[in-house]
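First up is the structure itself, then whatever we jot down about it.
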Amino acid sequence: MRVLVVEDEPRLAQMVRRGLELEGFVVVTAATGPDGLWHATEESFDVIVLDIMLPGISGYQVVREIRARQNWTPILILTAKDGEYDEADAFDLGADDYLTKPFSYVVLVARLRALVRRGAPTRPVVLTAGDLSLDPGRRRVTRGTEELQLTRREFGLLEYLMRNPDTALTKSEILQNVWDANYAGDENVVEVYVGYLRRKIDTPFGTRTIDTVRGVGYRLTTGSPDSPPPPEA
């Protein structure tokens, strides 16, 4: 089993390397972001161990570029950054696991073996509605040939709507799945973000993809951009 370890602390990198080799892994190390990216995209590995704070380019950028090249090798982030937003960012970009320093070596090996057993995931399905496309893996949204720039919340809202096409979704359901199951704020925030989305995915193109369902919430239609929208409930 081949593992790539991208870590700029020489002593830690060598410790991890020696330990993994004793467990039967074939280990390749890299000490910078660019070197790690080169190895990850030019060679074949069963799993990648990646630090975030790296010389050259950050681990976040490495993950983003690896996934943008449609490389789905499992990635475990090994870092001293233990904030919940750091972890969330890593998963959003395409990491498969996250372990903070200092770490248990036994746990590291167990998690790597679990990732190897699962293998590289299949490429996420691209969601479509007419000529609107959303690629969850590359976090990319296009209308026809034009790429659209969405915020993280707008992307999450559009993805949820596109995963439930032609279905009337309540504001409560949207909040629980896009915001937080324990969100206690004003439900009208959904209306605000639907407005943001419409101004980006519909208004410039003269289309109508998201319908307001009176008394219920919102529905994303999957017909062609020129087809009339279904009647509102």
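Ordering of the structure tokens sets the chain letters (A, B, ...), residue numbers begin anew at 1 in every chain, and ligands are numbered from 1 in the order given.
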
Would you list, as a PyMOL selection string, the residues of region 2-227 of chain A that end up in alpha helix (DSSP H) under DSSP run on this structure's backbone? chain A and resi 10-22+33-42+59-68+84-93+105-118+152-163+171-174+188-201

Would you pick out the contacts of Ala168 (chain A) at 7 Å or less, using only C-alpha atoms, so that residues sharing its chain but fewer than 3 positions from it are not included, and give the list as a VMD selection string? chain A and resid 213 216 to 219

Output file for the residues above (all heavy atoms, as a short mmCIF file (atom, residue, chain, number, x, y, z; two decimals), in the first residue's frame):
data_model
loop_
_atom_site.label_atom_id
_atom_site.label_comp_id
_atom_site.auth_asym_id
_atom_site.auth_seq_id
_atom_site.Cartn_x
_atom_site.Cartn_y
_atom_site.Cartn_z
N VAL A 213 -43.36 28.40 -3.65
CA VAL A 213 -44.59 27.62 -3.47
C VAL A 213 -45.32 28.24 -2.28
O VAL A 213 -44.91 28.06 -1.13
CB VAL A 213 -44.28 26.13 -3.20
CG1 VAL A 213 -45.58 25.34 -3.08
CG2 VAL A 213 -43.41 25.56 -4.32
N VAL A 216 -45.76 27.05 1.47
CA VAL A 216 -44.87 25.89 1.70
C VAL A 216 -43.43 26.33 1.77
O VAL A 216 -42.78 26.28 2.81
CB VAL A 216 -45.06 24.82 0.59
CG1 VAL A 216 -44.14 23.62 0.86
CG2 VAL A 216 -46.51 24.37 0.52
N GLY A 217 -42.87 26.75 0.64
CA GLY A 217 -41.45 27.13 0.61
C GLY A 217 -40.99 27.34 -0.81
O GLY A 217 -41.53 28.18 -1.53
N TYR A 218 -40.05 26.49 -1.28
CA TYR A 218 -39.46 26.69 -2.61
C TYR A 218 -39.29 25.35 -3.33
O TYR A 218 -39.18 24.30 -2.71
CB TYR A 218 -38.11 27.39 -2.48
CG TYR A 218 -38.22 28.75 -1.84
CD1 TYR A 218 -38.02 28.90 -0.47
CD2 TYR A 218 -38.60 29.86 -2.59
CE1 TYR A 218 -38.16 30.15 0.13
CE2 TYR A 218 -38.75 31.10 -2.00
CZ TYR A 218 -38.53 31.25 -0.64
OH TYR A 218 -38.69 32.47 -0.05
N ARG A 219 -39.27 25.45 -4.66
CA ARG A 219 -39.13 24.26 -5.48
C ARG A 219 -38.22 24.58 -6.66
O ARG A 219 -38.37 25.62 -7.32
CB ARG A 219 -40.49 23.82 -6.00
CG ARG A 219 -40.46 22.68 -7.02
CD ARG A 219 -41.87 22.29 -7.43
NE ARG A 219 -42.64 23.45 -7.88
CZ ARG A 219 -43.96 23.59 -7.71
NH1 ARG A 219 -44.65 22.65 -7.10
NH2 ARG A 219 -44.57 24.66 -8.15
#

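The two atoms in question, CA of Arg163 (chain A) and CA of Val116 (chain A), are spaced 28.5 Å apart.
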
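The residue that comes closest to Ser172 (chain A), out of A:Asp96, A:Asp186, A:Glu42, A:Asp89 and on the basis of only C-alpha atoms, is A:Asp186.
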
Shell of 10 Å around Arg67 (chain A), only C-alpha atoms, local chain residues under 6 positions omitted, as a ChimeraX atom specification: /A:41,61,73,93-95,123,137-139

Output all heavy atoms for every residue in that selection, as a tab-separated table (two decimals), in the first residue's frame.
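What landed in selection-v6.tsv:
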chain	number	residue	atom	x	y	z
A	41	THR	N	-0.36	14.02	-8.08
A	41	THR	CA	-1.00	14.01	-9.40
A	41	THR	C	-0.20	13.26	-10.46
A	41	THR	O	-0.75	12.88	-11.50
A	41	THR	CB	-1.26	15.45	-9.89
A	41	THR	OG1	-0.03	16.19	-9.86
A	41	THR	CG2	-2.28	16.14	-9.00
A	61	GLN	N	-4.99	24.34	-0.64
A	61	GLN	CA	-4.83	24.51	-2.08
A	61	GLN	C	-4.46	23.20	-2.76
A	61	GLN	O	-4.88	22.92	-3.88
A	61	GLN	CB	-3.78	25.58	-2.38
A	61	GLN	CG	-4.19	26.98	-1.96
A	61	GLN	CD	-3.04	27.97	-2.06
A	61	GLN	OE1	-2.14	27.99	-1.22
A	61	GLN	NE2	-3.06	28.76	-3.10
A	73	THR	N	-8.07	10.05	-4.83
A	73	THR	CA	-7.31	9.33	-3.81
A	73	THR	C	-7.71	9.83	-2.43
A	73	THR	O	-7.77	11.04	-2.20
A	73	THR	CB	-5.79	9.55	-4.01
A	73	THR	OG1	-5.42	9.12	-5.32
A	73	THR	CG2	-4.99	8.78	-2.97
A	93	LEU	N	-13.48	21.06	0.83
A	93	LEU	CA	-12.60	21.03	-0.33
A	93	LEU	C	-12.39	19.62	-0.88
A	93	LEU	O	-11.89	19.46	-2.00
A	93	LEU	CB	-11.25	21.65	0.03
A	93	LEU	CG	-11.27	23.17	0.27
A	93	LEU	CD1	-9.94	23.63	0.84
A	93	LEU	CD2	-11.55	23.90	-1.04
A	94	GLY	N	-12.74	18.61	-0.08
A	94	GLY	CA	-12.62	17.25	-0.59
A	94	GLY	C	-11.79	16.30	0.23
A	94	GLY	O	-11.53	15.17	-0.21
A	95	ALA	N	-11.33	16.72	1.43
A	95	ALA	CA	-10.59	15.79	2.29
A	95	ALA	C	-11.54	14.70	2.81
A	95	ALA	O	-12.74	14.92	2.91
A	95	ALA	CB	-9.95	16.54	3.46
A	123	ARG	N	-16.35	9.47	-8.54
A	123	ARG	CA	-16.53	10.91	-8.76
A	123	ARG	C	-17.98	11.29	-8.48
A	123	ARG	O	-18.91	10.64	-8.94
A	123	ARG	CB	-16.19	11.25	-10.21
A	123	ARG	CG	-16.23	12.73	-10.52
A	123	ARG	CD	-15.77	12.94	-11.96
A	123	ARG	NE	-15.67	14.35	-12.26
A	123	ARG	CZ	-16.67	15.10	-12.71
A	123	ARG	NH1	-17.85	14.54	-12.89
A	123	ARG	NH2	-16.50	16.38	-12.98
A	137	GLY	N	-18.09	17.74	-6.45
A	137	GLY	CA	-16.69	17.44	-6.20
A	137	GLY	C	-15.77	18.61	-6.48
A	137	GLY	O	-14.85	18.89	-5.73
A	138	ARG	N	-16.03	19.30	-7.58
A	138	ARG	CA	-15.19	20.44	-7.95
A	138	ARG	C	-15.75	21.76	-7.44
A	138	ARG	O	-15.15	22.81	-7.64
A	138	ARG	CB	-15.06	20.50	-9.48
A	138	ARG	CG	-14.42	19.24	-10.07
A	138	ARG	CD	-14.46	19.23	-11.57
A	138	ARG	NE	-13.61	20.29	-12.13
A	138	ARG	CZ	-13.54	20.56	-13.42
A	138	ARG	NH1	-14.29	19.87	-14.28
A	138	ARG	NH2	-12.74	21.51	-13.86
A	139	ARG	N	-16.92	21.70	-6.78
A	139	ARG	CA	-17.59	22.89	-6.26
A	139	ARG	C	-17.70	23.95	-7.35
A	139	ARG	O	-17.27	25.09	-7.20
A	139	ARG	CB	-16.86	23.43	-5.01
A	139	ARG	CG	-16.79	22.42	-3.88
A	139	ARG	CD	-16.39	23.04	-2.57
A	139	ARG	NE	-17.42	23.91	-2.04
A	139	ARG	CZ	-18.51	23.51	-1.42
A	139	ARG	NH1	-18.75	22.22	-1.25
A	139	ARG	NH2	-19.40	24.37	-0.96
